[in-house]
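What follows is the content of start_4.txt (compact mmCIF, N, CA and C atoms).
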# COMPACT_ATOMS: atom_id res chain seq x y z
N GLN D 175 11.31 2.75 -22.53
CA GLN D 175 10.44 3.67 -23.27
C GLN D 175 9.67 4.54 -22.28
N VAL D 176 9.65 5.83 -22.56
CA VAL D 176 8.97 6.76 -21.68
C VAL D 176 7.57 7.04 -22.23
N GLN D 177 6.59 6.94 -21.36
CA GLN D 177 5.22 7.25 -21.76
C GLN D 177 4.55 8.12 -20.73
N LEU D 178 3.81 9.09 -21.21
CA LEU D 178 2.96 9.91 -20.36
C LEU D 178 1.52 9.68 -20.83
N VAL D 179 0.71 9.21 -19.93
CA VAL D 179 -0.67 8.88 -20.27
C VAL D 179 -1.60 9.82 -19.53
N GLU D 180 -2.32 10.62 -20.30
CA GLU D 180 -3.26 11.58 -19.72
C GLU D 180 -4.67 11.02 -19.76
N SER D 181 -5.47 11.48 -18.83
CA SER D 181 -6.88 11.10 -18.80
C SER D 181 -7.67 12.17 -18.07
N GLY D 182 -8.98 12.12 -18.23
CA GLY D 182 -9.85 13.03 -17.49
C GLY D 182 -10.49 14.13 -18.31
N GLY D 183 -10.11 14.26 -19.58
CA GLY D 183 -10.72 15.28 -20.41
C GLY D 183 -12.14 14.90 -20.79
N GLY D 184 -12.81 15.84 -21.45
CA GLY D 184 -14.17 15.56 -21.89
C GLY D 184 -14.94 16.82 -22.17
N LEU D 185 -16.24 16.66 -22.36
CA LEU D 185 -17.15 17.77 -22.61
C LEU D 185 -17.81 18.16 -21.29
N VAL D 186 -17.68 19.42 -20.94
CA VAL D 186 -18.17 19.90 -19.65
C VAL D 186 -18.94 21.20 -19.87
N PRO D 187 -20.05 21.41 -19.20
CA PRO D 187 -20.75 22.70 -19.33
C PRO D 187 -20.01 23.80 -18.59
N PRO D 188 -20.21 25.04 -19.00
CA PRO D 188 -19.61 26.16 -18.28
C PRO D 188 -19.97 26.11 -16.80
N GLY D 189 -18.96 26.40 -15.97
CA GLY D 189 -19.16 26.33 -14.52
C GLY D 189 -18.83 24.99 -13.91
N GLY D 190 -18.63 23.99 -14.73
CA GLY D 190 -18.31 22.66 -14.24
C GLY D 190 -16.85 22.51 -13.83
N SER D 191 -16.49 21.30 -13.45
CA SER D 191 -15.13 21.01 -13.00
C SER D 191 -14.59 19.77 -13.70
N LEU D 192 -13.29 19.70 -13.77
CA LEU D 192 -12.61 18.54 -14.32
C LEU D 192 -11.36 18.27 -13.51
N ARG D 193 -10.95 17.02 -13.47
CA ARG D 193 -9.66 16.66 -12.87
C ARG D 193 -8.90 15.85 -13.90
N LEU D 194 -7.81 16.42 -14.38
CA LEU D 194 -6.96 15.73 -15.35
C LEU D 194 -5.87 14.98 -14.61
N SER D 195 -5.54 13.80 -15.13
CA SER D 195 -4.49 12.98 -14.54
C SER D 195 -3.44 12.65 -15.59
N CYS D 196 -2.22 12.53 -15.14
CA CYS D 196 -1.11 12.14 -16.03
C CYS D 196 -0.18 11.24 -15.24
N VAL D 197 0.07 10.07 -15.78
CA VAL D 197 0.99 9.12 -15.16
C VAL D 197 2.15 8.88 -16.11
N VAL D 198 3.35 8.97 -15.59
CA VAL D 198 4.54 8.75 -16.40
C VAL D 198 5.12 7.37 -16.06
N SER D 199 5.53 6.68 -17.10
CA SER D 199 6.24 5.41 -16.94
C SER D 199 7.57 5.50 -17.67
N GLY D 200 8.57 4.85 -17.13
CA GLY D 200 9.89 4.91 -17.73
C GLY D 200 10.76 6.00 -17.15
N ARG D 201 10.18 6.87 -16.40
CA ARG D 201 10.92 7.93 -15.70
C ARG D 201 10.22 8.15 -14.36
N ALA D 202 10.97 8.63 -13.40
CA ALA D 202 10.41 8.93 -12.08
C ALA D 202 10.12 10.41 -11.96
N PHE D 203 9.21 10.75 -11.07
CA PHE D 203 8.89 12.14 -10.80
C PHE D 203 10.01 12.81 -10.00
N SER D 204 10.75 12.03 -9.25
CA SER D 204 11.81 12.62 -8.44
C SER D 204 12.82 13.33 -9.35
N ASN D 205 13.31 14.48 -8.90
CA ASN D 205 14.26 15.29 -9.65
C ASN D 205 13.71 15.74 -11.00
N ALA D 206 12.39 15.90 -11.06
CA ALA D 206 11.76 16.34 -12.29
C ALA D 206 10.71 17.40 -12.01
N VAL D 207 10.27 18.01 -13.08
CA VAL D 207 9.16 18.95 -13.03
C VAL D 207 8.08 18.40 -13.96
N MET D 208 6.88 18.29 -13.46
CA MET D 208 5.77 17.84 -14.31
C MET D 208 4.74 18.94 -14.38
N GLY D 209 4.16 19.08 -15.56
CA GLY D 209 3.23 20.17 -15.72
C GLY D 209 2.19 19.93 -16.78
N TRP D 210 1.28 20.87 -16.86
CA TRP D 210 0.20 20.85 -17.84
C TRP D 210 0.29 22.09 -18.72
N TYR D 211 0.18 21.85 -20.01
CA TYR D 211 0.10 22.90 -20.99
C TYR D 211 -1.22 22.73 -21.75
N ARG D 212 -1.68 23.79 -22.35
CA ARG D 212 -2.88 23.66 -23.17
C ARG D 212 -2.70 24.43 -24.47
N GLN D 213 -3.42 23.94 -25.47
CA GLN D 213 -3.39 24.59 -26.78
C GLN D 213 -4.81 24.74 -27.28
N ALA D 214 -5.24 25.98 -27.35
CA ALA D 214 -6.57 26.28 -27.89
C ALA D 214 -6.49 26.32 -29.40
N PRO D 215 -7.61 26.11 -30.07
CA PRO D 215 -7.62 26.14 -31.54
C PRO D 215 -7.04 27.46 -32.07
N GLY D 216 -6.07 27.36 -32.95
CA GLY D 216 -5.48 28.53 -33.57
C GLY D 216 -4.50 29.29 -32.70
N LYS D 217 -4.18 28.75 -31.52
CA LYS D 217 -3.28 29.46 -30.61
C LYS D 217 -2.07 28.59 -30.29
N GLN D 218 -1.07 29.24 -29.72
CA GLN D 218 0.14 28.52 -29.32
C GLN D 218 -0.10 27.78 -28.01
N ARG D 219 0.68 26.76 -27.82
CA ARG D 219 0.63 26.01 -26.57
C ARG D 219 1.14 26.90 -25.44
N GLU D 220 0.44 26.87 -24.31
CA GLU D 220 0.82 27.72 -23.19
C GLU D 220 0.85 26.92 -21.90
N LEU D 221 1.70 27.37 -20.99
CA LEU D 221 1.78 26.73 -19.68
C LEU D 221 0.52 27.04 -18.87
N VAL D 222 -0.05 25.99 -18.30
CA VAL D 222 -1.14 26.16 -17.34
C VAL D 222 -0.56 26.15 -15.92
N ALA D 223 0.16 25.07 -15.61
CA ALA D 223 0.76 24.96 -14.28
C ALA D 223 1.79 23.84 -14.29
N GLN D 224 2.76 23.94 -13.39
CA GLN D 224 3.74 22.89 -13.23
C GLN D 224 4.11 22.76 -11.76
N VAL D 225 4.62 21.59 -11.42
CA VAL D 225 4.97 21.32 -10.03
C VAL D 225 6.26 20.50 -10.01
N THR D 226 7.12 20.81 -9.06
CA THR D 226 8.35 20.04 -8.90
C THR D 226 8.10 18.84 -8.00
N SER D 227 9.04 17.93 -7.99
CA SER D 227 8.92 16.77 -7.11
C SER D 227 8.93 17.19 -5.64
N GLY D 228 9.45 18.38 -5.37
CA GLY D 228 9.45 18.89 -4.00
C GLY D 228 8.17 19.62 -3.62
N GLY D 229 7.26 19.78 -4.61
CA GLY D 229 5.98 20.39 -4.32
C GLY D 229 5.86 21.86 -4.66
N THR D 230 6.89 22.45 -5.23
CA THR D 230 6.82 23.85 -5.63
C THR D 230 5.99 23.98 -6.89
N THR D 231 5.02 24.89 -6.85
CA THR D 231 4.12 25.06 -8.00
C THR D 231 4.37 26.39 -8.70
N ASP D 232 3.99 26.40 -9.97
CA ASP D 232 4.11 27.61 -10.78
C ASP D 232 2.93 27.61 -11.73
N TYR D 233 2.17 28.71 -11.75
CA TYR D 233 1.00 28.79 -12.62
C TYR D 233 1.27 29.81 -13.72
N GLY D 234 0.87 29.43 -14.93
CA GLY D 234 1.09 30.30 -16.07
C GLY D 234 -0.16 31.05 -16.50
N VAL D 235 -1.31 30.68 -15.96
CA VAL D 235 -2.56 31.32 -16.34
C VAL D 235 -2.85 32.50 -15.41
N SER D 236 -3.57 33.47 -15.94
CA SER D 236 -3.82 34.69 -15.16
C SER D 236 -4.80 34.44 -14.02
N ASP D 237 -5.82 33.62 -14.25
CA ASP D 237 -6.82 33.37 -13.21
C ASP D 237 -6.53 32.04 -12.53
N GLN D 238 -5.36 31.97 -11.91
CA GLN D 238 -4.89 30.70 -11.38
C GLN D 238 -5.74 30.18 -10.23
N GLY D 239 -6.61 30.97 -9.68
CA GLY D 239 -7.47 30.52 -8.59
C GLY D 239 -8.40 29.38 -8.97
N ARG D 240 -8.61 29.18 -10.27
CA ARG D 240 -9.48 28.11 -10.73
C ARG D 240 -8.72 26.81 -10.97
N PHE D 241 -7.40 26.87 -10.90
CA PHE D 241 -6.57 25.72 -11.23
C PHE D 241 -5.76 25.29 -10.01
N THR D 242 -5.68 24.00 -9.82
CA THR D 242 -4.86 23.45 -8.74
C THR D 242 -4.08 22.26 -9.27
N ILE D 243 -2.76 22.38 -9.21
CA ILE D 243 -1.91 21.27 -9.66
C ILE D 243 -1.31 20.58 -8.44
N THR D 244 -1.30 19.27 -8.48
CA THR D 244 -0.68 18.48 -7.42
C THR D 244 0.12 17.35 -8.05
N GLY D 245 1.15 16.92 -7.34
CA GLY D 245 1.96 15.82 -7.83
C GLY D 245 2.02 14.71 -6.80
N ASP D 246 2.25 13.50 -7.28
CA ASP D 246 2.36 12.33 -6.41
C ASP D 246 3.63 11.60 -6.80
N ASN D 247 4.66 11.76 -5.97
CA ASN D 247 5.95 11.13 -6.28
C ASN D 247 5.86 9.60 -6.31
N ARG D 248 5.04 9.05 -5.42
CA ARG D 248 4.96 7.58 -5.34
C ARG D 248 4.33 7.00 -6.60
N LYS D 249 3.37 7.72 -7.15
CA LYS D 249 2.67 7.22 -8.33
C LYS D 249 3.23 7.77 -9.63
N ASN D 250 4.25 8.63 -9.53
CA ASN D 250 4.80 9.28 -10.73
C ASN D 250 3.69 9.93 -11.54
N ALA D 251 2.88 10.70 -10.83
CA ALA D 251 1.69 11.27 -11.45
C ALA D 251 1.54 12.74 -11.10
N VAL D 252 0.82 13.43 -11.96
CA VAL D 252 0.48 14.82 -11.72
C VAL D 252 -0.99 15.01 -12.07
N TYR D 253 -1.66 15.88 -11.31
CA TYR D 253 -3.08 16.09 -11.49
C TYR D 253 -3.35 17.59 -11.63
N LEU D 254 -4.39 17.89 -12.41
CA LEU D 254 -4.80 19.28 -12.57
C LEU D 254 -6.31 19.36 -12.34
N GLN D 255 -6.67 20.04 -11.28
CA GLN D 255 -8.07 20.30 -11.00
C GLN D 255 -8.44 21.65 -11.59
N ILE D 256 -9.49 21.68 -12.40
CA ILE D 256 -9.96 22.92 -12.99
C ILE D 256 -11.41 23.12 -12.55
N ASP D 257 -11.67 24.22 -11.90
CA ASP D 257 -13.02 24.55 -11.43
C ASP D 257 -13.57 25.75 -12.21
N SER D 258 -14.87 25.94 -12.10
CA SER D 258 -15.54 27.07 -12.76
C SER D 258 -15.09 27.19 -14.22
N LEU D 259 -15.18 26.09 -14.94
CA LEU D 259 -14.70 26.06 -16.32
C LEU D 259 -15.42 27.08 -17.19
N LYS D 260 -14.63 27.66 -18.11
CA LYS D 260 -15.13 28.66 -19.05
C LYS D 260 -14.92 28.15 -20.47
N PRO D 261 -15.70 28.64 -21.42
CA PRO D 261 -15.49 28.21 -22.81
C PRO D 261 -14.06 28.45 -23.29
N GLU D 262 -13.41 29.49 -22.80
CA GLU D 262 -12.04 29.75 -23.22
C GLU D 262 -11.02 28.77 -22.65
N ASP D 263 -11.46 27.88 -21.77
CA ASP D 263 -10.59 26.81 -21.30
C ASP D 263 -10.53 25.65 -22.30
N THR D 264 -11.35 25.71 -23.32
CA THR D 264 -11.38 24.66 -24.34
C THR D 264 -10.04 24.54 -25.03
N GLY D 265 -9.61 23.31 -25.21
CA GLY D 265 -8.36 23.05 -25.91
C GLY D 265 -7.84 21.66 -25.61
N VAL D 266 -6.69 21.36 -26.14
CA VAL D 266 -6.02 20.09 -25.84
C VAL D 266 -5.03 20.36 -24.71
N TYR D 267 -5.12 19.56 -23.67
CA TYR D 267 -4.25 19.69 -22.51
C TYR D 267 -3.17 18.61 -22.57
N TYR D 268 -1.94 19.06 -22.52
CA TYR D 268 -0.79 18.17 -22.63
C TYR D 268 -0.03 18.12 -21.30
N CYS D 269 0.40 16.92 -20.98
CA CYS D 269 1.25 16.72 -19.81
C CYS D 269 2.71 16.70 -20.26
N ARG D 270 3.57 17.28 -19.45
CA ARG D 270 4.99 17.28 -19.78
C ARG D 270 5.81 16.87 -18.56
N TRP D 271 6.79 16.04 -18.80
CA TRP D 271 7.80 15.66 -17.80
C TRP D 271 9.11 16.28 -18.23
N ARG D 272 9.78 16.96 -17.33
CA ARG D 272 11.08 17.57 -17.65
C ARG D 272 12.02 17.34 -16.48
N ARG D 273 13.22 16.89 -16.80
CA ARG D 273 14.23 16.73 -15.76
C ARG D 273 14.59 18.13 -15.24
N ARG D 274 14.80 18.25 -13.93
CA ARG D 274 15.05 19.57 -13.33
C ARG D 274 16.34 20.18 -13.84
N THR D 275 17.34 19.37 -14.14
CA THR D 275 18.56 19.89 -14.74
C THR D 275 18.75 19.21 -16.10
N GLY D 276 19.20 19.98 -17.06
CA GLY D 276 19.38 19.42 -18.40
C GLY D 276 18.16 19.66 -19.26
N SER D 277 18.16 19.07 -20.43
CA SER D 277 17.12 19.35 -21.42
C SER D 277 16.17 18.18 -21.68
N GLU D 278 16.33 17.09 -20.96
CA GLU D 278 15.49 15.93 -21.22
C GLU D 278 14.05 16.24 -20.87
N MET D 279 13.14 16.00 -21.83
CA MET D 279 11.73 16.21 -21.57
C MET D 279 10.89 15.31 -22.47
N TYR D 280 9.67 15.05 -22.03
CA TYR D 280 8.72 14.22 -22.77
C TYR D 280 7.33 14.82 -22.64
N TRP D 281 6.53 14.57 -23.69
CA TRP D 281 5.16 15.06 -23.73
C TRP D 281 4.19 13.90 -23.84
N GLY D 282 3.02 14.09 -23.27
CA GLY D 282 1.94 13.17 -23.51
C GLY D 282 1.25 13.51 -24.83
N GLN D 283 0.30 12.69 -25.20
CA GLN D 283 -0.39 12.89 -26.48
C GLN D 283 -1.52 13.91 -26.38
N GLY D 284 -1.90 14.27 -25.17
CA GLY D 284 -2.93 15.28 -24.98
C GLY D 284 -4.30 14.70 -24.72
N THR D 285 -5.09 15.47 -24.01
CA THR D 285 -6.47 15.11 -23.75
C THR D 285 -7.35 16.33 -24.02
N GLN D 286 -8.42 16.11 -24.76
CA GLN D 286 -9.28 17.21 -25.19
C GLN D 286 -10.21 17.63 -24.05
N VAL D 287 -10.26 18.94 -23.83
CA VAL D 287 -11.23 19.52 -22.91
C VAL D 287 -12.10 20.48 -23.70
N THR D 288 -13.39 20.27 -23.65
CA THR D 288 -14.32 21.14 -24.35
C THR D 288 -15.34 21.65 -23.35
N VAL D 289 -15.44 22.97 -23.26
CA VAL D 289 -16.38 23.59 -22.34
C VAL D 289 -17.48 24.23 -23.17
N SER D 290 -18.64 23.65 -23.09
CA SER D 290 -19.75 24.12 -23.92
C SER D 290 -21.06 23.65 -23.33
N SER D 291 -22.08 24.46 -23.53
CA SER D 291 -23.41 24.06 -23.08
C SER D 291 -24.15 23.34 -24.20

Just give me the structure as structure tokens.
Amino acid sequence: QVQLVESGGGLVPPGGSLRLSCVVSGRAFSNAVMGWYRQAPGKQRELVAQVTSGGTTDYGVSDQGRFTITGDNRKNAVYLQIDSLKPEDTGVYYCRWRRRTGSEMYWGQGTQVTVSS
């Protein structure tokens, strides 16, 4: 059974920081791409960032300077550091594991991030 367990979300004031974590079990990070997507209320899910097992990163957000994605092959984990949080960063953040070739993919259940004073 494949599971992706996310953690690190919460309520943060504007300007604060968060570090989201996602650990996958049942699959390895090697030969895969792991990433973070977010879905704001009333909007479609969008790519925030993803990283390959080789360390290649890809950011989907316009102000990517506030986001840093890292992966840990040994721990089968991916992390997303978000700095200078803005209210528009509010949403559910989902972790995704995808095999680099083929269509196999899995999603986590999501972790809520709320940016508000």

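Comparing the minimum interatomic distances between Arg248 (chain D) and each of D:Val198, D:Val225, D:Ala214, D:Leu185, counting only C-alpha atoms, we find that D:Val198 sits nearest.
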
Separating atom N of Trp210 (chain D) from CA of Gly183 (chain D), to the nearest tenth of an Å, is a gap of 13.7 Å

Using all atoms listed in the file, which protein or nucleic acid residues come within 8 Å of region 277-280 of chain D? Drop anything in the same chain fewer than 6 positions from it, and give the result as JSON, numbers by chain. {"D": [176, 177, 178, 269, 270, 271]}

I need the chosen residues saved as a CSV table (one decimal), in the frame of the given file, with N, CA and C atoms.
chain,number,residue,atom,x,y,z
D,176,VAL,N,9.6,5.8,-22.6
D,176,VAL,CA,9.0,6.8,-21.7
D,176,VAL,C,7.6,7.0,-22.2
D,177,GLN,N,6.6,6.9,-21.4
D,177,GLN,CA,5.2,7.2,-21.8
D,177,GLN,C,4.6,8.1,-20.7
D,178,LEU,N,3.8,9.1,-21.2
D,178,LEU,CA,3.0,9.9,-20.4
D,178,LEU,C,1.5,9.7,-20.8
D,269,CYS,N,0.4,16.9,-21.0
D,269,CYS,CA,1.2,16.7,-19.8
D,269,CYS,C,2.7,16.7,-20.3
D,270,ARG,N,3.6,17.3,-19.4
D,270,ARG,CA,5.0,17.3,-19.8
D,270,ARG,C,5.8,16.9,-18.6
D,271,TRP,N,6.8,16.0,-18.8
D,271,TRP,CA,7.8,15.7,-17.8
D,271,TRP,C,9.1,16.3,-18.2

Around (12.0, 9.9, -10.6) in the file's frame, which residues reach within 9 Å when counting only C-alpha atoms? Return as a list in words? Gly200, Arg201, Ala202, Phe203, Ser204, Asn205, Ala206, Ser227, Asn247, Asn250 and Arg273 of chain D

Counting all atoms listed in the file, which residues sit no farther than 6 Å from the position (-0.2, 25.0, -11.4) in the file's frame? I'd like them as number ranges by chain. D: 222-225, 231-234, 241-243

D:Thr244, D:Thr230, D:Gln213, D:Ser291 ranked by distance to Tyr267 (chain D), top pick (using only N, CA and C atoms):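 Under the stated criterion, the closest residue is D:Gln213.
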
Which residues are close to Glu180 (chain D), i.e. within 8 Å by only C-alpha atoms, leaving aside same-chain residues fewer than 5 positions away? Reply as an MDAnalysis selection string. chainID D and resid 194:197 268:269 282:285

How would the residues just picked look written out with N, CA and C atoms as an mmCIF file, in the coordinates of the input?
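Below you can see result_5.cif, which holds the result:
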data_model
loop_
_atom_site.group_PDB
_atom_site.id
_atom_site.type_symbol
_atom_site.label_atom_id
_atom_site.label_comp_id
_atom_site.auth_asym_id
_atom_site.auth_seq_id
_atom_site.Cartn_x
_atom_site.Cartn_y
_atom_site.Cartn_z
ATOM 1 N N LEU D 194 -7.810 16.420 -14.380
ATOM 2 C CA LEU D 194 -6.960 15.730 -15.350
ATOM 3 C C LEU D 194 -5.870 14.980 -14.610
ATOM 4 N N SER D 195 -5.540 13.800 -15.130
ATOM 5 C CA SER D 195 -4.490 12.980 -14.540
ATOM 6 C C SER D 195 -3.440 12.650 -15.590
ATOM 7 N N CYS D 196 -2.220 12.530 -15.140
ATOM 8 C CA CYS D 196 -1.110 12.140 -16.030
ATOM 9 C C CYS D 196 -0.180 11.240 -15.240
ATOM 10 N N VAL D 197 0.070 10.070 -15.780
ATOM 11 C CA VAL D 197 0.990 9.120 -15.160
ATOM 12 C C VAL D 197 2.150 8.880 -16.110
ATOM 13 N N TYR D 268 -1.940 19.060 -22.520
ATOM 14 C CA TYR D 268 -0.790 18.170 -22.630
ATOM 15 C C TYR D 268 -0.030 18.120 -21.300
ATOM 16 N N CYS D 269 0.400 16.920 -20.980
ATOM 17 C CA CYS D 269 1.250 16.720 -19.810
ATOM 18 C C CYS D 269 2.710 16.700 -20.260
ATOM 19 N N GLY D 282 3.020 14.090 -23.270
ATOM 20 C CA GLY D 282 1.940 13.170 -23.510
ATOM 21 C C GLY D 282 1.250 13.510 -24.830
ATOM 22 N N GLN D 283 0.300 12.690 -25.200
ATOM 23 C CA GLN D 283 -0.390 12.890 -26.480
ATOM 24 C C GLN D 283 -1.520 13.910 -26.380
ATOM 25 N N GLY D 284 -1.900 14.270 -25.170
ATOM 26 C CA GLY D 284 -2.930 15.280 -24.980
ATOM 27 C C GLY D 284 -4.300 14.700 -24.720
ATOM 28 N N THR D 285 -5.090 15.470 -24.010
ATOM 29 C CA THR D 285 -6.470 15.110 -23.750
ATOM 30 C C THR D 285 -7.350 16.330 -24.020
#

Separation of CA of Ser236 (chain D) from CA of Gly184 (chain D) in Å: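 Rounded to one decimal, the two atoms are 22.8 Å apart.
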
Could you go through region 188-240 of chain D and tell me which residues DSSP, when run on the backbone, assigns to strand (DSSP E), listing them as a ChimeraX atom specification? /D:192-199,206-213,220-226,231-233

Could the residues in this selection be saved with N, CA and C atoms as a short mmCIF file (atom, residue, chain, number, x, y, z; two decimals), in the frame of the given file?
data_model
loop_
_atom_site.label_atom_id
_atom_site.label_comp_id
_atom_site.auth_asym_id
_atom_site.auth_seq_id
_atom_site.Cartn_x
_atom_site.Cartn_y
_atom_site.Cartn_z
N LEU D 192 -13.29 19.70 -13.77
CA LEU D 192 -12.61 18.54 -14.32
C LEU D 192 -11.36 18.27 -13.51
N ARG D 193 -10.95 17.02 -13.47
CA ARG D 193 -9.66 16.66 -12.87
C ARG D 193 -8.90 15.85 -13.90
N LEU D 194 -7.81 16.42 -14.38
CA LEU D 194 -6.96 15.73 -15.35
C LEU D 194 -5.87 14.98 -14.61
N SER D 195 -5.54 13.80 -15.13
CA SER D 195 -4.49 12.98 -14.54
C SER D 195 -3.44 12.65 -15.59
N CYS D 196 -2.22 12.53 -15.14
CA CYS D 196 -1.11 12.14 -16.03
C CYS D 196 -0.18 11.24 -15.24
N VAL D 197 0.07 10.07 -15.78
CA VAL D 197 0.99 9.12 -15.16
C VAL D 197 2.15 8.88 -16.11
N VAL D 198 3.35 8.97 -15.59
CA VAL D 198 4.54 8.75 -16.40
C VAL D 198 5.12 7.37 -16.06
N SER D 199 5.53 6.68 -17.10
CA SER D 199 6.24 5.41 -16.94
C SER D 199 7.57 5.50 -17.67
N ALA D 206 12.39 15.90 -11.06
CA ALA D 206 11.76 16.34 -12.29
C ALA D 206 10.71 17.40 -12.01
N VAL D 207 10.27 18.01 -13.08
CA VAL D 207 9.16 18.95 -13.03
C VAL D 207 8.08 18.40 -13.96
N MET D 208 6.88 18.29 -13.46
CA MET D 208 5.77 17.84 -14.31
C MET D 208 4.74 18.94 -14.38
N GLY D 209 4.16 19.08 -15.56
CA GLY D 209 3.23 20.17 -15.72
C GLY D 209 2.19 19.93 -16.78
N TRP D 210 1.28 20.87 -16.86
CA TRP D 210 0.20 20.85 -17.84
C TRP D 210 0.29 22.09 -18.72
N TYR D 211 0.18 21.85 -20.01
CA TYR D 211 0.10 22.90 -20.99
C TYR D 211 -1.22 22.73 -21.75
N ARG D 212 -1.68 23.79 -22.35
CA ARG D 212 -2.88 23.66 -23.17
C ARG D 212 -2.70 24.43 -24.47
N GLN D 213 -3.42 23.94 -25.47
CA GLN D 213 -3.39 24.59 -26.78
C GLN D 213 -4.81 24.74 -27.28
N GLU D 220 0.44 26.87 -24.31
CA GLU D 220 0.82 27.72 -23.19
C GLU D 220 0.85 26.92 -21.90
N LEU D 221 1.70 27.37 -20.99
CA LEU D 221 1.78 26.73 -19.68
C LEU D 221 0.52 27.04 -18.87
N VAL D 222 -0.05 25.99 -18.30
CA VAL D 222 -1.14 26.16 -17.34
C VAL D 222 -0.56 26.15 -15.92
N ALA D 223 0.16 25.07 -15.61
CA ALA D 223 0.76 24.96 -14.28
C ALA D 223 1.79 23.84 -14.29
N GLN D 224 2.76 23.94 -13.39
CA GLN D 224 3.74 22.89 -13.23
C GLN D 224 4.11 22.76 -11.76
N VAL D 225 4.62 21.59 -11.42
CA VAL D 225 4.97 21.32 -10.03
C VAL D 225 6.26 20.50 -10.01
N THR D 226 7.12 20.81 -9.06
CA THR D 226 8.35 20.04 -8.90
C THR D 226 8.10 18.84 -8.00
N THR D 231 5.02 24.89 -6.85
CA THR D 231 4.12 25.06 -8.00
C THR D 231 4.37 26.39 -8.70
N ASP D 232 3.99 26.40 -9.97
CA ASP D 232 4.11 27.61 -10.78
C ASP D 232 2.93 27.61 -11.73
N TYR D 233 2.17 28.71 -11.75
CA TYR D 233 1.00 28.79 -12.62
C TYR D 233 1.27 29.81 -13.72
#
